[in-house]
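Have a look at final.tsv below; it lists TSV, C-alpha atoms.
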```
chain	number	residue	atom	x	y	z
A	1147	MET	CA	61.48	-31.76	31.93
A	1148	LYS	CA	63.40	-30.48	28.91
A	1149	THR	CA	62.68	-31.94	25.47
A	1150	VAL	CA	65.35	-33.36	23.15
A	1151	PHE	CA	64.70	-34.35	19.53
A	1152	VAL	CA	66.88	-37.13	18.11
A	1153	VAL	CA	66.84	-37.27	14.30
A	1154	ASP	CA	68.65	-40.19	12.65
A	1155	ASP	CA	67.78	-42.65	9.88
A	1156	SER	CA	69.26	-45.50	11.93
A	1157	ASP	CA	66.86	-47.23	14.33
A	1158	THR	CA	69.87	-48.46	16.35
A	1159	ASN	CA	71.16	-44.92	16.91
A	1160	LEU	CA	67.69	-43.70	17.84
A	1161	SER	CA	67.30	-46.50	20.40
A	1162	MET	CA	70.76	-45.89	21.89
A	1163	ALA	CA	70.18	-42.14	22.22
A	1164	GLU	CA	66.76	-42.65	23.80
A	1165	ALA	CA	68.15	-45.15	26.31
A	1166	ALA	CA	70.97	-42.75	27.24
A	1167	LEU	CA	68.74	-39.72	27.74
A	1168	GLU	CA	65.27	-40.89	28.77
A	1169	ASN	CA	65.88	-40.71	32.53
A	1170	GLN	CA	66.70	-37.00	32.43
A	1171	TYR	CA	64.94	-35.66	29.34
A	1172	ARG	CA	61.77	-36.05	27.37
A	1173	VAL	CA	63.17	-37.75	24.26
A	1174	MET	CA	61.36	-37.70	20.92
A	1175	THR	CA	62.90	-39.74	18.10
A	1176	MET	CA	62.27	-39.41	14.37
A	1177	PRO	CA	63.85	-41.09	11.32
A	1178	SER	CA	64.11	-38.09	8.99
A	1179	ALA	CA	64.38	-34.30	8.81
A	1180	ALA	CA	60.96	-34.18	7.13
A	1181	LYS	CA	59.40	-35.87	10.18
A	1182	MET	CA	61.26	-33.41	12.43
A	1183	PHE	CA	59.83	-30.36	10.65
A	1184	THR	CA	56.33	-31.84	10.83
A	1185	LEU	CA	56.67	-32.29	14.59
A	1186	LEU	CA	58.19	-28.81	15.02
A	1187	ASP	CA	54.79	-27.38	14.09
A	1188	LYS	CA	53.52	-28.80	17.39
A	1189	VAL	CA	56.52	-29.13	19.72
A	1190	ILE	CA	59.54	-26.85	20.19
A	1191	PRO	CA	62.43	-28.82	21.74
A	1192	ASP	CA	65.17	-27.46	23.96
A	1193	LEU	CA	67.84	-29.17	21.83
A	1194	ILE	CA	68.07	-31.21	18.64
A	1195	LEU	CA	70.49	-34.10	18.01
A	1196	LEU	CA	70.70	-34.22	14.23
A	1197	ASP	CA	72.35	-36.86	12.07
A	1198	ILE	CA	74.33	-35.44	9.13
A	1199	GLU	CA	74.12	-38.28	6.60
A	1200	MET	CA	70.44	-38.87	5.90
A	1201	PRO	CA	68.58	-39.47	2.62
A	1202	GLU	CA	66.39	-36.78	1.00
A	1203	MET	CA	67.42	-33.95	3.38
A	1204	ASP	CA	70.77	-34.27	5.10
A	1205	GLY	CA	71.73	-32.63	8.38
A	1206	PHE	CA	73.37	-29.60	6.78
A	1207	ALA	CA	70.27	-28.82	4.71
A	1208	ALA	CA	68.01	-29.36	7.72
A	1209	LEU	CA	70.06	-27.02	9.94
A	1210	THR	CA	70.19	-24.36	7.21
A	1211	LYS	CA	66.40	-24.51	6.94
A	1212	LEU	CA	66.04	-24.30	10.74
A	1213	LYS	CA	68.24	-21.20	10.91
A	1214	SER	CA	66.13	-19.50	8.22
A	1215	MET	CA	62.96	-19.81	10.33
A	1216	ASN	CA	62.73	-17.11	13.00
A	1217	SER	CA	60.64	-19.21	15.37
A	1218	LEU	CA	63.13	-22.11	15.28
A	1219	ALA	CA	66.49	-20.44	14.67
A	1220	ASN	CA	67.51	-20.32	18.34
A	1221	ILE	CA	67.12	-24.04	19.04
A	1222	PRO	CA	70.62	-25.44	19.75
A	1223	VAL	CA	71.54	-28.22	17.32
A	1224	MET	CA	74.23	-30.87	17.92
A	1225	PHE	CA	75.32	-32.96	14.96
A	1226	LEU	CA	75.62	-36.73	15.14
A	1227	THR	CA	78.25	-38.00	12.72
A	1228	GLY	CA	80.26	-41.10	12.00
A	1229	ARG	CA	82.95	-39.03	10.28
A	1230	ASN	CA	85.95	-37.48	12.00
A	1231	ASP	CA	86.48	-34.75	9.45
A	1232	SER	CA	87.65	-31.20	10.18
A	1233	GLU	CA	86.02	-29.84	7.01
A	1234	VAL	CA	82.67	-31.32	8.02
A	1235	GLU	CA	82.99	-29.77	11.48
A	1236	ALA	CA	83.98	-26.38	10.04
A	1237	ARG	CA	80.96	-26.39	7.75
A	1238	GLY	CA	78.67	-27.41	10.61
A	1239	PHE	CA	79.86	-24.67	12.94
A	1240	GLN	CA	79.64	-22.14	10.11
A	1241	ILE	CA	75.93	-22.76	9.60
A	1242	GLY	CA	75.15	-22.81	13.31
A	1243	ALA	CA	75.76	-26.18	14.98
A	1244	VAL	CA	76.74	-25.90	18.65
A	1245	ASP	CA	78.66	-29.20	18.88
A	1246	PHE	CA	79.45	-32.57	17.26
A	1247	VAL	CA	79.02	-36.02	18.78
A	1248	THR	CA	80.86	-38.85	17.03
A	1249	LYS	CA	79.08	-42.16	16.44
A	1250	PRO	CA	79.16	-44.66	17.95
A	1251	PHE	CA	78.70	-42.59	21.10
A	1252	SER	CA	78.82	-43.58	24.76
A	1253	ALA	CA	75.83	-42.74	26.93
A	1254	PRO	CA	77.82	-40.75	29.56
A	1255	VAL	CA	79.54	-38.61	26.91
A	1256	LEU	CA	76.28	-37.88	25.09
A	1257	LEU	CA	74.48	-37.04	28.33
A	1258	ASN	CA	77.29	-34.77	29.53
A	1259	ARG	CA	77.51	-32.89	26.21
A	1260	ILE	CA	73.77	-32.22	26.20
A	1261	LYS	CA	73.71	-31.19	29.85
A	1262	ASN	CA	76.52	-28.69	29.29
A	1263	HIS	CA	74.79	-27.05	26.35
A	1264	LEU	CA	71.40	-26.87	28.01
A	1265	ASP	CA	72.90	-25.42	31.20
A	1266	ILE	CA	74.78	-22.79	29.19
A	1267	ASP	CA	71.63	-22.01	27.22
A	1268	GLU	CA	69.72	-21.53	30.49
A	1269	ILE	CA	72.37	-19.12	31.82
A	1270	ILE	CA	72.32	-17.15	28.56
A	1271	ARG	CA	68.52	-16.91	28.66
A	1272	GLU	CA	68.58	-15.63	32.24
A	1273	ARG	CA	71.29	-13.06	31.46
A	1274	THR	CA	69.33	-11.97	28.38
A	1275	MET	CA	66.17	-11.52	30.45
A	1276	GLN	CA	68.10	-9.46	33.01
A	1277	PHE	CA	69.57	-7.29	30.25
A	1278	ASN	CA	66.15	-6.80	28.63
A	1279	ARG	CA	64.64	-5.77	31.98
A	1280	LEU	CA	67.45	-3.25	32.50
A	1281	GLN	CA	67.13	-1.96	28.94
A	1282	ASN	CA	63.36	-1.54	29.24
A	1283	SER	CA	63.76	0.28	32.55
A	1284	ILE	CA	66.26	2.74	31.05
A	1285	VAL	CA	64.01	3.32	28.04
A	1286	SER	CA	61.00	3.96	30.28
A	1287	VAL	CA	62.94	6.51	32.34
A	1288	LEU	CA	64.17	8.33	29.22
A	1289	ALA	CA	60.70	8.30	27.65
A	1290	ASN	CA	59.14	9.61	30.85
A	1291	VAL	CA	61.71	12.42	31.04
A	1292	VAL	CA	60.68	13.54	27.55
A	1293	GLU	CA	56.96	13.12	28.17
A	1294	ASN	CA	56.99	14.90	31.53
A	1295	ARG	CA	58.52	17.98	29.89
A	1296	ASP	CA	55.68	18.07	27.37
A	1297	THR	CA	52.55	18.82	29.40
A	1298	GLY	CA	50.29	18.10	26.43
A	1299	THR	CA	51.40	14.54	25.64
A	1300	SER	CA	50.49	12.59	28.76
A	1301	GLY	CA	50.10	8.91	27.85
A	1302	HIS	CA	51.46	9.45	24.33
A	1303	ILE	CA	54.26	6.88	24.71
A	1304	GLU	CA	51.98	4.14	26.02
A	1305	ARG	CA	49.30	4.80	23.40
A	1306	THR	CA	51.71	4.84	20.46
A	1307	SER	CA	53.23	1.59	21.73
A	1308	ALA	CA	49.76	0.03	21.68
A	1309	TYR	CA	49.06	1.42	18.21
A	1310	ILE	CA	52.32	0.02	16.82
A	1311	LYS	CA	51.42	-3.45	18.13
A	1312	ILE	CA	48.03	-3.22	16.40
A	1313	LEU	CA	49.61	-2.10	13.12
A	1314	ILE	CA	52.30	-4.79	13.12
A	1315	ASP	CA	49.71	-7.49	13.86
A	1316	GLY	CA	47.54	-6.13	11.04
A	1317	MET	CA	50.47	-6.02	8.63
A	1318	LYS	CA	51.29	-9.66	9.41
A	1319	LYS	CA	47.64	-10.64	8.91
A	1320	ASN	CA	47.49	-8.88	5.53
A	1321	GLY	CA	50.96	-9.85	4.33
A	1322	VAL	CA	52.15	-6.23	4.18
A	1323	TYR	CA	55.96	-6.00	4.16
A	1324	LEU	CA	55.92	-9.48	5.63
A	1325	ASP	CA	59.47	-10.34	4.56
A	1326	GLU	CA	60.79	-7.53	6.76
A	1327	ILE	CA	58.52	-7.67	9.80
A	1328	GLU	CA	58.80	-11.45	10.16
A	1329	SER	CA	62.45	-10.91	11.12
A	1330	TRP	CA	61.48	-8.42	13.85
A	1331	ASP	CA	61.35	-9.11	17.55
A	1332	THR	CA	58.07	-7.25	18.07
A	1333	ASP	CA	58.63	-6.59	21.78
A	1334	LYS	CA	62.03	-5.02	21.05
A	1335	ILE	CA	60.60	-2.99	18.19
A	1336	ILE	CA	57.85	-1.57	20.39
A	1337	SER	CA	60.28	-0.85	23.23
A	1338	SER	CA	62.69	0.97	20.92
A	1339	ALA	CA	59.81	3.04	19.48
A	1340	ARG	CA	59.33	4.58	22.92
A	1341	MET	CA	62.44	6.65	22.17
A	1342	HIS	CA	61.01	8.29	19.03
A	1343	ASP	CA	60.74	11.74	20.64
A	1344	LEU	CA	64.03	11.53	22.57
A	1345	GLY	CA	65.39	14.52	20.65
A	1346	LYS	CA	62.84	16.80	22.31
A	1347	VAL	CA	65.16	17.00	25.31
A	1348	SER	CA	67.14	19.56	23.29
A	1349	VAL	CA	64.10	21.76	22.57
A	1350	THR	CA	63.24	24.50	25.06
A	1351	ASP	CA	60.15	24.08	27.26
A	1352	ILE	CA	58.90	27.45	25.99
A	1353	ILE	CA	58.41	25.97	22.53
A	1354	ILE	CA	57.29	22.49	23.62
A	1355	ASN	CA	54.56	23.85	25.91
A	1356	LYS	CA	53.58	26.97	23.96
A	1357	PRO	CA	49.78	27.29	24.21
A	1358	GLY	CA	49.37	28.76	20.73
A	1359	LYS	CA	50.57	28.11	17.21
A	1360	LEU	CA	54.34	28.07	16.73
A	1361	THR	CA	55.97	30.79	14.65
A	1362	ASP	CA	57.91	29.69	11.57
A	1363	GLU	CA	61.15	30.08	13.49
A	1364	GLU	CA	59.83	28.11	16.48
A	1365	TYR	CA	58.56	25.37	14.17
A	1366	GLU	CA	62.01	25.03	12.59
A	1367	ILE	CA	63.49	24.61	16.08
A	1368	MET	CA	60.86	22.00	16.96
A	1369	LYS	CA	61.67	20.07	13.77
A	1370	THR	CA	65.26	19.62	14.95
A	1371	HIS	CA	64.11	17.02	17.48
A	1372	ALA	CA	64.14	14.25	14.86
A	1373	GLN	CA	67.76	14.74	13.89
A	1374	GLU	CA	68.72	15.46	17.50
A	1375	GLY	CA	67.21	12.13	18.49
A	1376	GLU	CA	69.40	10.43	15.90
A	1377	ARG	CA	72.44	12.27	17.22
A	1378	ILE	CA	71.82	11.25	20.84
A	1379	ILE	CA	71.32	7.59	19.89
A	1380	ASP	CA	74.41	7.70	17.67
A	1381	GLU	CA	76.34	8.87	20.72
A	1382	ILE	CA	75.00	5.95	22.76
A	1383	ILE	CA	75.94	3.55	19.94
A	1384	ALA	CA	79.45	5.00	19.78
A	1385	ARG	CA	79.91	4.28	23.48
A	1386	THR	CA	78.17	0.90	23.75
A	1387	GLY	CA	78.22	-0.63	20.28
A	1388	GLU	CA	75.38	-0.96	17.81
A	1389	GLY	CA	72.66	-3.49	18.50
A	1390	GLU	CA	69.21	-4.28	17.16
A	1391	PHE	CA	67.46	-2.23	19.84
A	1392	LEU	CA	69.48	0.95	19.31
A	1393	ARG	CA	69.40	0.58	15.54
A	1394	ASN	CA	65.61	0.49	15.62
A	1395	ALA	CA	65.41	3.33	18.15
A	1396	ARG	CA	67.52	5.50	15.82
A	1397	LEU	CA	65.18	4.79	12.88
A	1398	PHE	CA	62.08	5.63	14.91
A	1399	ALA	CA	63.64	8.84	16.25
A	1400	GLY	CA	65.05	10.07	12.96
A	1401	CYS	CA	62.39	9.04	10.44
A	1402	HIS	CA	58.95	9.44	12.02
A	1403	HIS	CA	58.44	12.84	10.37
A	1404	GLU	CA	59.45	11.76	6.88
A	1405	ARG	CA	56.67	11.73	4.27
A	1406	TRP	CA	55.85	9.26	1.52
A	1407	ASP	CA	56.04	12.07	-1.07
A	1408	GLY	CA	59.49	13.17	0.08
A	1409	LYS	CA	58.35	16.43	1.66
A	1410	GLY	CA	59.01	15.45	5.27
A	1411	TYR	CA	62.02	16.02	7.48
A	1412	PRO	CA	64.86	15.85	8.39
A	1413	HIS	CA	66.22	13.88	5.39
A	1414	ARG	CA	63.41	14.34	2.81
A	1415	LEU	CA	63.35	10.61	2.16
A	1416	LYS	CA	60.69	9.36	-0.26
A	1417	GLY	CA	58.57	6.21	-0.51
A	1418	THR	CA	60.33	3.05	0.58
A	1419	GLU	CA	63.56	5.01	1.10
A	1420	ILE	CA	61.95	5.75	4.48
A	1421	PRO	CA	62.69	2.88	6.88
A	1422	LEU	CA	59.60	0.85	7.72
A	1423	GLN	CA	59.88	1.89	11.37
A	1424	GLY	CA	59.49	5.54	10.34
A	1425	ARG	CA	56.52	4.82	8.07
A	1426	ILE	CA	54.70	3.01	10.87
A	1427	MET	CA	55.43	5.67	13.47
A	1428	ALA	CA	54.34	8.45	11.09
A	1429	ILE	CA	50.77	7.17	11.20
A	1430	VAL	CA	50.50	6.32	14.90
A	1431	ASP	CA	52.19	9.57	15.98
A	1432	VAL	CA	49.86	11.79	13.95
A	1433	TYR	CA	46.77	9.80	14.88
A	1434	ASP	CA	47.52	10.20	18.57
A	1435	ALA	CA	48.22	13.92	18.11
A	1436	LEU	CA	44.90	14.40	16.30
A	1437	VAL	CA	42.72	12.62	18.88
A	1438	SER	CA	44.53	14.17	21.88
A	1439	GLU	CA	44.17	17.60	23.40
A	1440	ARG	CA	47.34	19.66	23.21
A	1441	PRO	CA	48.17	23.15	24.59
A	1442	TYR	CA	47.65	24.57	21.10
A	1443	LYS	CA	44.50	22.64	20.01
A	1444	LYS	CA	41.45	20.62	20.98
A	1445	ALA	CA	41.15	16.89	20.38
A	1446	ILE	CA	39.13	15.80	17.35
A	1447	PRO	CA	36.88	12.69	17.09
A	1448	ALA	CA	38.60	9.44	16.12
A	1449	ASP	CA	36.55	9.05	12.92
A	1450	GLU	CA	37.64	12.49	11.77
A	1451	ALA	CA	41.28	11.66	12.54
A	1452	VAL	CA	40.98	8.46	10.49
A	1453	GLU	CA	39.53	10.42	7.58
A	1454	ILE	CA	42.36	12.98	7.71
A	1455	ILE	CA	45.00	10.24	7.66
A	1456	MET	CA	43.35	8.35	4.81
A	1457	GLN	CA	43.11	11.54	2.75
A	1458	SER	CA	46.90	11.76	3.03
A	1459	SER	CA	47.51	8.13	2.07
A	1460	GLY	CA	50.03	8.12	-0.75
A	1461	THR	CA	51.27	11.62	0.01
A	1462	HIS	CA	52.10	11.78	3.71
A	1463	TYR	CA	51.72	8.07	4.49
A	1464	ASP	CA	52.65	4.73	2.97
A	1465	PRO	CA	49.38	3.65	1.31
A	1466	LEU	CA	49.79	-0.03	2.19
A	1467	ILE	CA	50.24	0.74	5.89
A	1468	ALA	CA	47.45	3.32	5.76
A	1469	ASN	CA	45.08	0.61	4.48
A	1470	VAL	CA	46.06	-1.64	7.40
A	1471	PHE	CA	45.44	1.30	9.74
A	1472	TYR	CA	41.98	1.86	8.25
A	1473	GLU	CA	41.08	-1.81	8.70
A	1474	ALA	CA	42.21	-1.62	12.36
A	1475	ARG	CA	40.62	1.78	13.10
A	1476	GLU	CA	38.17	0.36	15.67
A	1477	GLN	CA	41.08	-1.21	17.58
A	1478	PHE	CA	42.80	2.18	17.59
A	1479	LYS	CA	39.68	3.72	19.14
A	1480	GLN	CA	39.66	1.11	21.88
A	1481	VAL	CA	43.18	2.00	23.02
A	1482	ARG	CA	42.02	5.29	24.54
A	1483	LEU	CA	39.37	3.44	26.53
A	1484	ARG	CA	42.00	1.44	28.41
A	1485	PRO	CA	42.63	2.47	32.03
A	1486	GLY	CA	45.38	5.08	32.27
A	1487	LEU	CA	45.39	5.90	28.56
```

Give the structure from this file in structure tokens form.
Amino acid sequence: MKTVFVVDDSDTNLSMAEAALENQYRVMTMPSAAKMFTLLDKVIPDLILLDIEMPEMDGFAALTKLKSMNSLANIPVMFLTGRNDSEVEARGFQIGAVDFVTKPFSAPVLLNRIKNHLDIDEIIRERTMQFNRLQNSIVSVLANVVENRDTGTSGHIERTSAYIKILIDGMKKNGVYLDEIESWDTDKIISSARMHDLGKVSVTDIIINKPGKLTDEEYEIMKTHAQEGERIIDEIIARTGEGEFLRNARLFAGCHHERWDGKGYPHRLKGTEIPLQGRIMAIVDVYDALVSERPYKKAIPADEAVEIIMQSSGTHYDPLIANVFYEAREQFKQVRLRPGL
């Protein structure tokens, strides 16, 4: 049974709403926005009926606060109001209300309005899930195409995905760049990171699978994969429109070889000029390369790889993220022990 919050400082309105909805929904009533936010720590409703004119925190302030909280921003909110005012409605829709119900309301009208919004919300969720499944399938195919060309990187995509999850969790725990990563959809971020080496499709197999050290000329060709990855994703964006997933994929592809000291490529970005996605991928990509056997080198022990990365903290790598990596080094080791990795 779906849950509906009813927030109103009038006991009469709370009782009327509960009577109208209780046969079809789990109804939870509260007399103030403060009480609502306390309960939201424990229960996430499917829809909120929110009175506008309340003391202390009115409906507009409450909705604005809701929309600023990532975990609550997607809850549909319908305003309850005794005013028939176009300016009030315009303001409500501008900050994110999905509908208005005028008081005093009739039970059938209230029930029908809520049913319509919850049904639409369910359809949108299902379509979103279908789109995400399709998107993830396409990404997996593209990533596998790249990885299958590179005989020395088997499992690299799956391992770096696991490493990124560890790093993001560690950054949240330690409050590192929290303002930025709290706005991320972690699953989408990790999925988009799988495209970081997409540009390698433009590099010849002779260079990718060369058993020895690359010549200077070959290395310069290999370096083009970062900018080529950006170009390919830009082409996709031009055809389909920019979205969060592609925007992140472009940053992972184009910035994972930038260096904290500005000596990386392709754009020679420095410090926090480098998008956070690139700074995270820089560490996980190199760590996996160090502990993996490649056609041109043997794998080295994990502890030695950690030491190499920490020695380059502040030059190659963002020192704050490098510290999180060091704290999570044992979790990184465990990734390679997982079946198939």

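Across the model, the gap from CA of Asp1197 in chain A to CA of Val1234 in chain A is 12.4 Å.
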
Find, counting only C-alpha atoms, the residue in A:Thr1227, A:Gln1477, A:Asn1216, A:Thr1418 that gets nearest to Ile1310 in chain A.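 The shortest atom-to-atom distance to Ile1310 in chain A comes from A:Gln1477.
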
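With distances restricted to all atoms listed in the file, A:Ile1314 is the closest residue to Gln1423 in chain A from A:Ile1194, A:Leu1324, A:Val1347, A:Ile1314.
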
Any idea what the distance is between CA of Pro1191 in chain A and CA of Ala1236 in chain A?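 So the answer is 24.6 Å.
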
For Tyr1411 in chain A, which of A:Asp1434, A:His1462, A:Arg1396, A:Asn1262 is the closest residue, counting all atoms listed in the file?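 Checking each of A:Asp1434, A:His1462, A:Arg1396, A:Asn1262 against Tyr1411 in chain A, counting all atoms listed in the file, the winner is A:His1462.
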
Residue nearest Ile1336 in chain A among A:Met1427, A:Met1317, A:Tyr1365, A:Ala1372 (counting all atoms listed in the file): A:Met1427

Among the residues A:Leu1483, A:Ala1253, A:Pro1201, A:Lys1416, the one that comes closest to Met1162 in chain A [using only C-alpha atoms]: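 Residue with the minimum atom-to-atom distance to Met1162 in chain A: A:Ala1253.
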
If we count all atoms listed in the file, what is near Val1223 in chain A at a cut-off of 9 Å, once residues fewer than 4 positions away on the same chain are taken out, given as a ChimeraX atom specification? /A:1193-1196,1209,1242-1245

Please identify all polymer residues within 8 Å of Gly1205 in chain A, counting only C-alpha atoms, omitting same-chain residues fewer than 5 positions from it, and present them as a PyMOL selection string. chain A and resi 1179+1196-1200+1225

Shell of 9 Å around range 1306-1308 of chain A, only C-alpha atoms, local chain residues under 2 positions omitted, as a list in words: Gly1301, His1302, Ile1303, Glu1304, Ile1310, Lys1311, Ile1312, Leu1313, Ile1336, Ser1337, Ala1339, Arg1340, Met1427, Val1430, Asp1431, Tyr1433, Asp1434, Phe1478 and Val1481 of chain A
